[in-house]
>>> print(open('target-v7.cif').read())   # mmCIF, C-alpha atoms
data_model
loop_
_atom_site.group_PDB
_atom_site.id
_atom_site.type_symbol
_atom_site.label_atom_id
_atom_site.label_comp_id
_atom_site.auth_asym_id
_atom_site.auth_seq_id
_atom_site.Cartn_x
_atom_site.Cartn_y
_atom_site.Cartn_z
ATOM 1 C CA MET N 153 -22.416 -16.159 137.819
ATOM 2 C CA GLN N 154 -22.389 -12.991 135.757
ATOM 3 C CA VAL N 155 -24.100 -12.800 132.354
ATOM 4 C CA ALA N 156 -22.314 -11.153 129.424
ATOM 5 C CA MET N 157 -23.120 -11.119 125.707
ATOM 6 C CA GLY N 158 -26.026 -13.462 126.383
ATOM 7 C CA ARG N 159 -23.834 -16.196 127.754
ATOM 8 C CA GLN N 160 -22.488 -17.064 131.184
ATOM 9 C CA ASN N 161 -18.983 -16.113 132.245
ATOM 10 C CA VAL N 162 -16.865 -18.884 133.686
ATOM 11 C CA SER N 163 -13.284 -19.328 134.801
ATOM 12 C CA PHE N 164 -10.853 -21.350 132.691
ATOM 13 C CA PRO N 165 -12.449 -24.817 132.194
ATOM 14 C CA HIS N 166 -10.688 -28.072 133.059
ATOM 15 C CA THR N 167 -11.076 -29.330 129.476
ATOM 16 C CA PHE N 168 -11.798 -27.934 126.035
ATOM 17 C CA VAL N 169 -13.703 -29.641 123.237
ATOM 18 C CA LEU N 170 -11.932 -29.443 119.875
ATOM 19 C CA VAL N 171 -14.540 -29.761 117.119
ATOM 20 C CA GLY N 172 -11.809 -30.453 114.582
ATOM 21 C CA PHE N 173 -13.185 -32.308 111.584
ATOM 22 C CA SER N 174 -16.135 -33.932 113.388
ATOM 23 C CA ASP N 175 -18.523 -32.045 111.094
ATOM 24 C CA HIS N 176 -17.055 -34.292 108.347
ATOM 25 C CA PRO N 177 -17.030 -37.674 110.196
ATOM 26 C CA TRP N 178 -16.369 -39.656 107.024
ATOM 27 C CA LEU N 179 -13.044 -37.797 106.694
ATOM 28 C CA GLU N 180 -11.697 -38.593 110.151
ATOM 29 C CA MET N 181 -10.274 -42.067 109.468
ATOM 30 C CA PRO N 182 -8.659 -41.107 106.113
ATOM 31 C CA LEU N 183 -7.213 -38.006 107.783
ATOM 32 C CA PHE N 184 -5.919 -40.168 110.645
ATOM 33 C CA GLY N 185 -4.073 -42.414 108.179
ATOM 34 C CA VAL N 186 -2.612 -39.494 106.234
ATOM 35 C CA LEU N 187 -1.661 -37.705 109.438
ATOM 36 C CA LEU N 188 0.037 -40.748 110.969
ATOM 37 C CA VAL N 189 2.144 -41.383 107.851
ATOM 38 C CA SER N 190 3.069 -37.703 107.504
ATOM 39 C CA TYR N 191 3.925 -37.526 111.232
ATOM 40 C CA ILE N 192 6.349 -40.458 110.946
ATOM 41 C CA PHE N 193 8.032 -39.050 107.833
ATOM 42 C CA THR N 194 8.161 -35.536 109.291
ATOM 43 C CA MET N 195 9.978 -36.816 112.370
ATOM 44 C CA ILE N 196 12.370 -38.927 110.279
ATOM 45 C CA GLY N 197 13.002 -36.241 107.638
ATOM 46 C CA ASN N 198 13.671 -33.321 109.956
ATOM 47 C CA SER N 199 15.701 -35.407 112.418
ATOM 48 C CA SER N 200 17.842 -36.759 109.599
ATOM 49 C CA ILE N 201 18.548 -33.232 108.293
ATOM 50 C CA ILE N 202 19.835 -32.229 111.743
ATOM 51 C CA ILE N 203 21.920 -35.389 112.194
ATOM 52 C CA LEU N 204 23.279 -35.231 108.638
ATOM 53 C CA SER N 205 24.537 -31.663 109.049
ATOM 54 C CA LEU N 206 26.213 -32.600 112.328
ATOM 55 C CA VAL N 207 28.141 -35.571 110.914
ATOM 56 C CA GLU N 208 28.950 -34.182 107.435
ATOM 57 C CA PRO N 209 31.601 -31.389 107.486
ATOM 58 C CA LYS N 210 30.518 -30.162 104.035
ATOM 59 C CA LEU N 211 27.125 -29.207 105.495
ATOM 60 C CA GLN N 212 28.551 -27.232 108.415
ATOM 61 C CA THR N 213 27.922 -23.841 106.801
ATOM 62 C CA PRO N 214 25.656 -20.907 107.763
ATOM 63 C CA MET N 215 22.922 -22.016 105.336
ATOM 64 C CA TYR N 216 22.699 -25.482 106.889
ATOM 65 C CA PHE N 217 22.991 -24.086 110.397
ATOM 66 C CA PHE N 218 19.788 -22.117 109.766
ATOM 67 C CA LEU N 219 18.264 -25.165 108.062
ATOM 68 C CA ASP N 220 18.941 -27.140 111.258
ATOM 69 C CA ASN N 221 17.047 -24.508 113.212
ATOM 70 C CA LEU N 222 14.181 -24.709 110.715
ATOM 71 C CA SER N 223 14.053 -28.500 111.088
ATOM 72 C CA LEU N 224 14.083 -28.176 114.884
ATOM 73 C CA LEU N 225 11.182 -25.709 114.697
ATOM 74 C CA ASP N 226 9.242 -28.086 112.445
ATOM 75 C CA LEU N 227 9.824 -30.922 114.914
ATOM 76 C CA CYS N 228 8.607 -28.768 117.820
ATOM 77 C CA ALA N 229 5.492 -27.592 115.964
ATOM 78 C CA THR N 230 4.659 -31.132 114.833
ATOM 79 C CA CYS N 231 5.064 -32.614 118.323
ATOM 80 C CA THR N 232 2.922 -29.794 119.735
ATOM 81 C CA ILE N 233 -0.099 -30.391 117.494
ATOM 82 C CA VAL N 234 -0.101 -33.807 115.817
ATOM 83 C CA PRO N 235 -0.162 -36.314 118.739
ATOM 84 C CA GLN N 236 -3.292 -34.738 120.259
ATOM 85 C CA LEU N 237 -4.901 -34.483 116.815
ATOM 86 C CA LEU N 238 -4.244 -38.193 116.193
ATOM 87 C CA VAL N 239 -5.930 -39.051 119.506
ATOM 88 C CA ASN N 240 -8.973 -36.915 118.667
ATOM 89 C CA LEU N 241 -9.314 -38.292 115.137
ATOM 90 C CA TRP N 242 -9.102 -41.892 116.367
ATOM 91 C CA GLY N 243 -11.519 -41.736 119.297
ATOM 92 C CA SER N 244 -14.977 -40.387 119.952
ATOM 93 C CA GLU N 245 -13.681 -38.003 122.636
ATOM 94 C CA LYS N 246 -12.582 -34.679 121.158
ATOM 95 C CA THR N 247 -11.362 -33.126 124.385
ATOM 96 C CA ILE N 248 -8.035 -31.655 125.434
ATOM 97 C CA ALA N 249 -6.950 -30.906 128.997
ATOM 98 C CA SER N 250 -6.762 -27.247 129.937
ATOM 99 C CA TRP N 251 -3.019 -27.369 130.695
ATOM 100 C CA SER N 252 -2.362 -29.122 127.380
ATOM 101 C CA CYS N 253 -4.414 -26.518 125.521
ATOM 102 C CA ILE N 254 -2.476 -23.673 127.141
ATOM 103 C CA ALA N 255 0.829 -25.400 126.314
ATOM 104 C CA GLN N 256 -0.270 -25.764 122.676
ATOM 105 C CA ALA N 257 -1.159 -22.074 122.491
ATOM 106 C CA TYR N 258 2.234 -21.014 123.900
ATOM 107 C CA LEU N 259 4.334 -23.442 121.872
ATOM 108 C CA PHE N 260 2.553 -23.011 118.535
ATOM 109 C CA HIS N 261 2.741 -19.221 118.757
ATOM 110 C CA TRP N 262 6.422 -19.444 119.709
ATOM 111 C CA THR N 263 7.405 -21.775 116.863
ATOM 112 C CA SER N 264 5.316 -19.901 114.267
ATOM 113 C CA CYS N 265 6.775 -16.496 115.124
ATOM 114 C CA THR N 266 10.301 -17.894 115.330
ATOM 115 C CA GLU N 267 9.924 -19.521 111.909
ATOM 116 C CA CYS N 268 8.759 -16.218 110.381
ATOM 117 C CA ALA N 269 11.899 -14.504 111.678
ATOM 118 C CA LEU N 270 14.162 -17.415 110.718
ATOM 119 C CA LEU N 271 12.944 -17.482 107.102
ATOM 120 C CA ALA N 272 13.791 -13.778 106.862
ATOM 121 C CA VAL N 273 17.287 -14.458 108.245
ATOM 122 C CA MET N 274 17.749 -17.308 105.736
ATOM 123 C CA ALA N 275 16.800 -14.917 102.907
ATOM 124 C CA PHE N 276 19.371 -12.424 104.207
ATOM 125 C CA ASP N 277 21.969 -15.227 104.261
ATOM 126 C CA ARG N 278 21.255 -15.979 100.572
ATOM 127 C CA TYR N 279 21.466 -12.250 99.774
ATOM 128 C CA VAL N 280 24.929 -11.982 101.349
ATOM 129 C CA ALA N 281 26.100 -15.204 99.651
ATOM 130 C CA ILE N 282 25.082 -14.033 96.156
ATOM 131 C CA CYS N 283 25.402 -10.232 96.329
ATOM 132 C CA CYS N 284 28.481 -10.008 98.590
ATOM 133 C CA PRO N 285 30.336 -13.318 97.998
ATOM 134 C CA LEU N 286 33.792 -11.954 98.883
ATOM 135 C CA ARG N 287 32.565 -10.745 102.279
ATOM 136 C CA TYR N 288 30.295 -13.712 102.995
ATOM 137 C CA VAL N 289 32.651 -15.491 105.394
ATOM 138 C CA LEU N 290 33.392 -12.221 107.187
ATOM 139 C CA ILE N 291 29.700 -11.255 107.613
ATOM 140 C CA MET N 292 28.139 -14.673 108.241
ATOM 141 C CA HIS N 293 30.715 -15.997 110.703
ATOM 142 C CA LEU N 294 29.800 -18.527 113.387
ATOM 143 C CA TRP N 295 28.890 -16.118 116.176
ATOM 144 C CA ALA N 296 26.885 -13.910 113.825
ATOM 145 C CA CYS N 297 24.818 -16.970 112.850
ATOM 146 C CA VAL N 298 24.375 -18.001 116.496
ATOM 147 C CA TRP N 299 23.332 -14.466 117.416
ATOM 148 C CA LEU N 300 20.820 -14.238 114.538
ATOM 149 C CA ALA N 301 19.294 -17.631 115.428
ATOM 150 C CA ALA N 302 19.110 -16.650 119.114
ATOM 151 C CA VAL N 303 17.291 -13.409 118.211
ATOM 152 C CA CYS N 304 14.763 -15.412 116.155
ATOM 153 C CA TRP N 305 14.044 -17.834 119.002
ATOM 154 C CA ALA N 306 13.995 -15.129 121.687
ATOM 155 C CA SER N 307 11.726 -12.751 119.760
ATOM 156 C CA GLY N 308 9.282 -15.576 119.014
ATOM 157 C CA LEU N 309 9.273 -16.583 122.678
ATOM 158 C CA ALA N 310 8.715 -13.005 123.845
ATOM 159 C CA ASN N 311 5.753 -12.533 121.507
ATOM 160 C CA SER N 312 4.300 -15.894 122.535
ATOM 161 C CA LEU N 313 4.578 -15.058 126.234
ATOM 162 C CA VAL N 314 2.789 -11.748 125.713
ATOM 163 C CA GLN N 315 -0.028 -13.012 123.475
ATOM 164 C CA ALA N 316 -0.778 -16.303 125.258
ATOM 165 C CA THR N 317 -0.497 -14.800 128.756
ATOM 166 C CA LEU N 318 -2.926 -11.986 127.863
ATOM 167 C CA THR N 319 -5.343 -14.671 126.651
ATOM 168 C CA LEU N 320 -5.251 -16.416 130.041
ATOM 169 C CA TYR N 321 -6.634 -13.271 131.686
ATOM 170 C CA LEU N 322 -9.782 -13.314 129.541
ATOM 171 C CA THR N 323 -13.107 -14.366 131.042
ATOM 172 C CA LEU N 324 -14.345 -17.265 128.932
ATOM 173 C CA CYS N 325 -17.991 -17.983 128.197
ATOM 174 C CA ALA N 326 -19.810 -21.064 129.460
ATOM 175 C CA THR N 327 -19.057 -22.911 126.241
ATOM 176 C CA ASN N 328 -15.691 -24.651 126.107
ATOM 177 C CA THR N 329 -16.107 -25.837 122.514
ATOM 178 C CA MET N 330 -13.482 -24.617 120.062
ATOM 179 C CA ASP N 331 -14.138 -24.824 116.318
ATOM 180 C CA HIS N 332 -10.578 -25.875 115.555
ATOM 181 C CA PHE N 333 -8.372 -28.982 115.709
ATOM 182 C CA PHE N 334 -5.790 -27.481 118.091
ATOM 183 C CA CYS N 335 -5.528 -24.646 120.610
ATOM 184 C CA GLU N 336 -4.142 -21.365 119.365
ATOM 185 C CA VAL N 337 -4.440 -17.818 120.671
ATOM 186 C CA PRO N 338 -7.023 -16.476 118.137
ATOM 187 C CA ALA N 339 -9.280 -19.511 118.703
ATOM 188 C CA LEU N 340 -9.144 -19.010 122.482
ATOM 189 C CA ILE N 341 -9.933 -15.299 122.126
ATOM 190 C CA LYS N 342 -13.131 -16.212 120.237
ATOM 191 C CA LEU N 343 -14.396 -18.008 123.379
ATOM 192 C CA ALA N 344 -14.150 -14.853 125.511
ATOM 193 C CA CYS N 345 -17.115 -12.985 126.932
ATOM 194 C CA SER N 346 -14.974 -10.135 128.273
ATOM 195 C CA ASP N 347 -13.599 -7.258 126.215
ATOM 196 C CA THR N 348 -10.873 -8.466 123.831
ATOM 197 C CA THR N 349 -9.719 -5.058 122.564
ATOM 198 C CA THR N 350 -6.350 -5.347 124.331
ATOM 199 C CA ASN N 351 -5.807 -8.859 122.945
ATOM 200 C CA ASP N 352 -6.764 -7.850 119.402
ATOM 201 C CA LEU N 353 -4.481 -4.817 119.542
ATOM 202 C CA SER N 354 -1.638 -6.898 120.956
ATOM 203 C CA LEU N 355 -2.038 -9.499 118.191
ATOM 204 C CA ALA N 356 -2.056 -6.771 115.546
ATOM 205 C CA LEU N 357 1.099 -5.157 116.959
ATOM 206 C CA GLY N 358 2.790 -8.552 117.337
ATOM 207 C CA ALA N 359 1.988 -9.369 113.713
ATOM 208 C CA ILE N 360 3.973 -6.363 112.451
ATOM 209 C CA PRO N 361 7.502 -7.819 112.904
ATOM 210 C CA PHE N 362 6.556 -11.410 112.083
ATOM 211 C CA GLY N 363 3.709 -11.110 109.574
ATOM 212 C CA ILE N 364 4.799 -7.939 107.750
ATOM 213 C CA VAL N 365 8.502 -7.165 108.322
ATOM 214 C CA SER N 366 9.644 -10.782 107.832
ATOM 215 C CA PRO N 367 7.904 -11.332 104.455
ATOM 216 C CA LEU N 368 9.056 -7.879 103.317
ATOM 217 C CA THR N 369 12.640 -8.766 104.278
ATOM 218 C CA VAL N 370 12.373 -11.941 102.202
ATOM 219 C CA LEU N 371 10.896 -10.018 99.254
ATOM 220 C CA ILE N 372 13.511 -7.241 99.342
ATOM 221 C CA SER N 373 16.359 -9.770 99.716
ATOM 222 C CA TYR N 374 15.212 -11.682 96.648
ATOM 223 C CA LEU N 375 14.729 -8.500 94.615
ATOM 224 C CA PHE N 376 18.402 -7.662 95.249
ATOM 225 C CA ILE N 377 19.349 -11.279 94.504
ATOM 226 C CA ALA N 378 17.414 -11.216 91.198
ATOM 227 C CA ARG N 379 19.120 -7.977 90.193
ATOM 228 C CA ALA N 380 22.556 -9.433 91.014
ATOM 229 C CA VAL N 381 21.843 -12.692 89.157
ATOM 230 C CA LEU N 382 20.652 -10.888 86.013
ATOM 231 C CA LYS N 383 23.982 -9.029 85.897
ATOM 232 C CA LEU N 384 25.986 -12.277 85.790
ATOM 233 C CA PRO N 385 27.565 -12.737 82.333
ATOM 234 C CA SER N 386 27.113 -16.504 81.927
ATOM 235 C CA ALA N 387 23.939 -18.582 81.905
ATOM 236 C CA GLU N 388 25.714 -21.254 83.974
ATOM 237 C CA GLY N 389 26.558 -18.702 86.661
ATOM 238 C CA ARG N 390 22.938 -17.554 86.775
ATOM 239 C CA ARG N 391 21.726 -21.150 87.017
ATOM 240 C CA LYS N 392 24.092 -21.954 89.913
ATOM 241 C CA ALA N 393 23.141 -18.790 91.793
ATOM 242 C CA LEU N 394 19.415 -19.441 91.424
ATOM 243 C CA SER N 395 19.756 -23.118 92.371
ATOM 244 C CA THR N 396 20.884 -22.088 95.868
ATOM 245 C CA CYS N 397 17.686 -20.060 96.329
ATOM 246 C CA THR N 398 14.915 -22.204 94.835
ATOM 247 C CA SER N 399 14.591 -24.494 97.876
ATOM 248 C CA HIS N 400 14.272 -21.560 100.263
ATOM 249 C CA LEU N 401 11.780 -19.800 97.966
ATOM 250 C CA LEU N 402 9.564 -22.894 97.888
ATOM 251 C CA VAL N 403 9.661 -23.202 101.685
ATOM 252 C CA VAL N 404 8.870 -19.489 102.113
ATOM 253 C CA THR N 405 5.935 -19.744 99.692
ATOM 254 C CA MET N 406 4.487 -22.786 101.472
ATOM 255 C CA PHE N 407 4.871 -21.149 104.884
ATOM 256 C CA PHE N 408 3.733 -17.576 104.288
ATOM 257 C CA GLY N 409 1.174 -18.351 101.556
ATOM 258 C CA PRO N 410 -1.311 -20.585 103.430
ATOM 259 C CA GLY N 411 -0.495 -18.893 106.744
ATOM 260 C CA MET N 412 -1.289 -15.368 105.577
ATOM 261 C CA TYR N 413 -4.406 -16.510 103.714
ATOM 262 C CA THR N 414 -5.660 -18.377 106.800
ATOM 263 C CA TYR N 415 -5.231 -15.496 109.237
ATOM 264 C CA LEU N 416 -6.127 -12.606 106.909
ATOM 265 C CA GLN N 417 -9.334 -14.009 105.395
ATOM 266 C CA PRO N 418 -12.693 -12.806 106.816
ATOM 267 C CA LEU N 419 -14.364 -14.802 109.566
ATOM 268 C CA GLY N 420 -17.110 -17.218 108.625
ATOM 269 C CA ASN N 421 -15.529 -19.884 106.437
ATOM 270 C CA SER N 422 -14.250 -22.029 109.294
ATOM 271 C CA ALA N 423 -14.130 -25.260 107.249
ATOM 272 C CA GLN N 424 -11.799 -23.768 104.637
ATOM 273 C CA SER N 425 -9.718 -22.178 107.385
ATOM 274 C CA LYS N 426 -9.324 -25.515 109.180
ATOM 275 C CA PHE N 427 -8.202 -27.362 106.052
ATOM 276 C CA LEU N 428 -5.706 -24.611 105.232
ATOM 277 C CA SER N 429 -4.417 -24.787 108.804
ATOM 278 C CA PHE N 430 -4.129 -28.555 108.420
ATOM 279 C CA PHE N 431 -1.900 -28.105 105.363
ATOM 280 C CA TYR N 432 0.043 -25.323 107.076
ATOM 281 C CA CYS N 433 0.649 -27.280 110.301
ATOM 282 C CA VAL N 434 1.021 -30.835 108.957
ATOM 283 C CA PHE N 435 2.313 -30.855 105.389
ATOM 284 C CA THR N 436 4.692 -27.887 105.462
ATOM 285 C CA PRO N 437 6.971 -29.527 108.112
ATOM 286 C CA LEU N 438 6.820 -32.744 106.049
ATOM 287 C CA LEU N 439 7.724 -31.089 102.751
ATOM 288 C CA ASN N 440 10.541 -28.857 104.041
ATOM 289 C CA PRO N 441 13.158 -31.645 104.402
ATOM 290 C CA LEU N 442 11.989 -33.249 101.134
ATOM 291 C CA ILE N 443 12.483 -29.982 99.251
ATOM 292 C CA TYR N 444 15.971 -29.434 100.664
ATOM 293 C CA THR N 445 16.911 -33.074 100.068
ATOM 294 C CA LEU N 446 15.580 -33.459 96.535
ATOM 295 C CA ARG N 447 16.651 -30.050 95.229
ATOM 296 C CA ASN N 448 19.993 -29.660 96.984
ATOM 297 C CA LYS N 449 23.103 -31.264 95.528
ATOM 298 C CA ASP N 450 25.144 -31.054 98.754
ATOM 299 C CA VAL N 451 22.452 -32.818 100.800
ATOM 300 C CA LYS N 452 22.033 -35.562 98.179
ATOM 301 C CA GLU N 453 25.800 -36.136 98.079
ATOM 302 C CA ALA N 454 25.962 -36.253 101.873
ATOM 303 C CA TRP N 455 23.147 -38.822 101.933
ATOM 304 C CA LYS N 456 24.961 -40.963 99.348
ATOM 305 C CA LYS N 457 28.163 -40.747 101.386
ATOM 306 C CA VAL N 458 26.419 -41.788 104.615
ATOM 307 C CA LEU N 459 24.534 -44.641 102.924
ATOM 308 C CA ALA N 460 27.694 -45.842 101.163
ATOM 309 C CA SER N 461 29.587 -45.938 104.454
ATOM 310 C CA ARG N 462 26.706 -47.877 106.065
ATOM 311 C CA VAL N 463 26.674 -50.418 103.220
ATOM 312 C CA LYS N 464 30.459 -50.743 103.399
ATOM 313 C CA GLY N 465 30.340 -51.266 107.173
ATOM 314 C CA THR N 466 27.610 -53.927 106.800
ATOM 315 C CA SER N 467 29.556 -55.795 104.124
ATOM 316 C CA LEU N 468 32.730 -55.781 106.230
ATOM 317 C CA LYS N 469 30.816 -57.223 109.190
ATOM 318 C CA GLY N 470 29.468 -59.987 106.947
ATOM 319 C CA GLN N 471 32.940 -61.109 105.885
#
>>> encode(input="target-v7.cif", output="structure tokens")
Amino acid sequence: MQVAMGRQNVSFPHTFVLVGFSDHPWLEMPLFGVLLVSYIFTMIGNSSIIILSLVEPKLQTPMYFFLDNLSLLDLCATCTIVPQLLVNLWGSEKTIASWSCIAQAYLFHWTSCTECALLAVMAFDRYVAICCPLRYVLIMHLWACVWLAAVCWASGLANSLVQATLTLYLTLCATNTMDHFFCEVPALIKLACSDTTTNDLSLALGAIPFGIVSPLTVLISYLFIARAVLKLPSAEGRRKALSTCTSHLLVVTMFFGPGMYTYLQPLGNSAQSKFLSFFYCVFTPLLNPLIYTLRNKDVKEAWKKVLASRVKGTSLKGQ
């Protein structure tokens, strides 16, 4: 075997060791309990948002169409990371099969990039709704929404295929231990003994549309929205306009805030990075449906309607 950077070069191993939170063993069982509960509620919350918008005609609008896509992304990201993390937190073995690790890297990169693009599209949707209300139906028609969602998913997939596939061509060092709780492209690159200049450059270029253009699109959209809202003559009109944006603003803050801090901070503080990633990957998908449910009048009314019909159906069966 060839020696590079003081360590042996090896082909892709059959398994990887995910250090996770094993440097804090006393935290593993509490984290397992929190993670299991959040996993259950994440699956229920996001699934119910999708089902609710399908059965309730009032929620079949562009805003809820994009919210369905967001919930689907959260479900995909959660199912990609959490089951394996639960297994590793529960048992003494902290390993993950090579094929499962590669799948995690592809899927997590895909869902993350797609969500960046989708949040920008949702901000644009709010901009059109508030700044161009008379042309909203004309601009955000069904096929325009489908096309925008398809571009989000396709661009995320394309970036994922490029970044994760380039990572597979790296020569990894003899160690197969990853100081993370799941497999992602940057963590795999850190295991490489070969030159990673191409990978680093590719990641930097791929971050431009998703890590820079998307947040800027959100920021510019909300600057125009704020200007339009301030011009409204009545306080009630301003309150109604802002109420349609607060849920999306909270979701954007929770997604881009921890995510950008995690990936832009200097190397070295791996413990802080892991806990931020834990919040970013586990709690954001849990909180998204709660935010849209608790802060959105249409969703609350739809829930009441569905529950009332269920209670009515149960009482009729009992008679």
>>> closest_residue(input="target-v7.cif", among="N:Ser366, N:Thr266, N:Thr348, N:Ser200", to="Tyr444 of chain N", atoms="all atoms listed in the file")
N:Ser200
>>> closest_residue(input="target-v7.cif", among="N:Ser399, N:Phe217, N:Pro338, N:Lys456", to="Trp295 of chain N", atoms="all atoms listed in the file")
N:Phe217
>>> residues_around(input="target-v7.cif", residues="segment 341-347 of chain N", least_positions_apart="6", cutoff="6 Å", atoms="all atoms listed in the file", output="PyMOL selection string")
chain N and resi 323-325
>>> resolve_selection(input="target-v7.cif", expression="the PyMOL selection byres ((chain N and resi 298-314) around 7)", output="count of residues only")
17
>>> closest_residue(input="target-v7.cif", among="N:Val381, N:Val169, N:Val337, N:Leu438", to="Tyr415 of chain N", atoms="all atoms listed in the file")
N:Val337
>>> residues_around(input="target-v7.cif", residues="Thr445 of chain N", least_positions_apart="4", cutoff="10 Å", atoms="only C-alpha atoms", output="list in words")
Gly197, Ile201, Ser399, Leu439, Asn440, Pro441, Lys449, Asp450, Val451, Lys452, Glu453, Ala454 and Trp455 of chain N
>>> write_last_selection(input="target-v7.cif", atoms="C-alpha atoms", output="compact mmCIF listing (two decimals), keeping the file's coordinate frame")
# COMPACT_ATOMS: atom_id res chain seq x y z
CA GLY N 197 13.00 -36.24 107.64
CA ILE N 201 18.55 -33.23 108.29
CA SER N 399 14.59 -24.49 97.88
CA LEU N 439 7.72 -31.09 102.75
CA ASN N 440 10.54 -28.86 104.04
CA PRO N 441 13.16 -31.64 104.40
CA LYS N 449 23.10 -31.26 95.53
CA ASP N 450 25.14 -31.05 98.75
CA VAL N 451 22.45 -32.82 100.80
CA LYS N 452 22.03 -35.56 98.18
CA GLU N 453 25.80 -36.14 98.08
CA ALA N 454 25.96 -36.25 101.87
CA TRP N 455 23.15 -38.82 101.93
>>> resolve_selection(input="target-v7.cif", expression="the PyMOL selection byres ((chain N and resi 374) around 9)", output="NGL selection string")
:N and (275-276 or 278-279 or 369-373 or 375-379 or 397 or 401)
>>> atom_distance(input="target-v7.cif", atom1="atom CA of Leu211 of chain N", atom2="atom CA of Val280 of chain N")
17.9 Å
>>> build_atoms(input="target-v7.cif", residues="segment 229-241 of chain N", atoms="N, CA, C and O atoms", output="tab-separated table (two decimals), in the frame of the given file")
chain	number	residue	atom	x	y	z
N	229	ALA	N	6.87	-27.89	116.35
N	229	ALA	CA	5.49	-27.59	115.96
N	229	ALA	C	4.70	-28.88	115.74
N	229	ALA	O	3.54	-28.99	116.16
N	230	THR	N	5.33	-29.86	115.10
N	230	THR	CA	4.66	-31.13	114.83
N	230	THR	C	4.33	-31.87	116.13
N	230	THR	O	3.21	-32.37	116.30
N	231	CYS	N	5.29	-31.92	117.04
N	231	CYS	CA	5.06	-32.61	118.32
N	231	CYS	C	4.05	-31.87	119.20
N	231	CYS	O	3.43	-32.48	120.07
N	232	THR	N	3.89	-30.58	118.96
N	232	THR	CA	2.92	-29.79	119.74
N	232	THR	C	1.49	-30.10	119.32
N	232	THR	O	0.59	-30.17	120.16
N	233	ILE	N	1.26	-30.30	118.03
N	233	ILE	CA	-0.10	-30.39	117.49
N	233	ILE	C	-0.53	-31.81	117.15
N	233	ILE	O	-1.64	-32.24	117.50
N	234	VAL	N	0.33	-32.56	116.45
N	234	VAL	CA	-0.10	-33.81	115.82
N	234	VAL	C	-0.49	-34.92	116.79
N	234	VAL	O	-1.52	-35.57	116.58
N	235	PRO	N	0.25	-35.20	117.87
N	235	PRO	CA	-0.16	-36.31	118.74
N	235	PRO	C	-1.59	-36.17	119.28
N	235	PRO	O	-2.37	-37.12	119.26
N	236	GLN	N	-1.94	-34.97	119.75
N	236	GLN	CA	-3.29	-34.74	120.26
N	236	GLN	C	-4.32	-34.86	119.14
N	236	GLN	O	-5.42	-35.39	119.34
N	237	LEU	N	-3.98	-34.38	117.96
N	237	LEU	CA	-4.90	-34.48	116.82
N	237	LEU	C	-5.13	-35.93	116.43
N	237	LEU	O	-6.26	-36.33	116.09
N	238	LEU	N	-4.09	-36.75	116.48
N	238	LEU	CA	-4.24	-38.19	116.19
N	238	LEU	C	-5.20	-38.84	117.19
N	238	LEU	O	-6.06	-39.64	116.80
N	239	VAL	N	-5.05	-38.50	118.47
N	239	VAL	CA	-5.93	-39.05	119.51
N	239	VAL	C	-7.38	-38.66	119.24
N	239	VAL	O	-8.30	-39.49	119.32
N	240	ASN	N	-7.61	-37.39	118.89
N	240	ASN	CA	-8.97	-36.92	118.67
N	240	ASN	C	-9.60	-37.49	117.40
N	240	ASN	O	-10.80	-37.74	117.35
N	241	LEU	N	-8.79	-37.70	116.37
N	241	LEU	CA	-9.31	-38.29	115.14
N	241	LEU	C	-9.66	-39.77	115.32
N	241	LEU	O	-10.61	-40.28	114.72
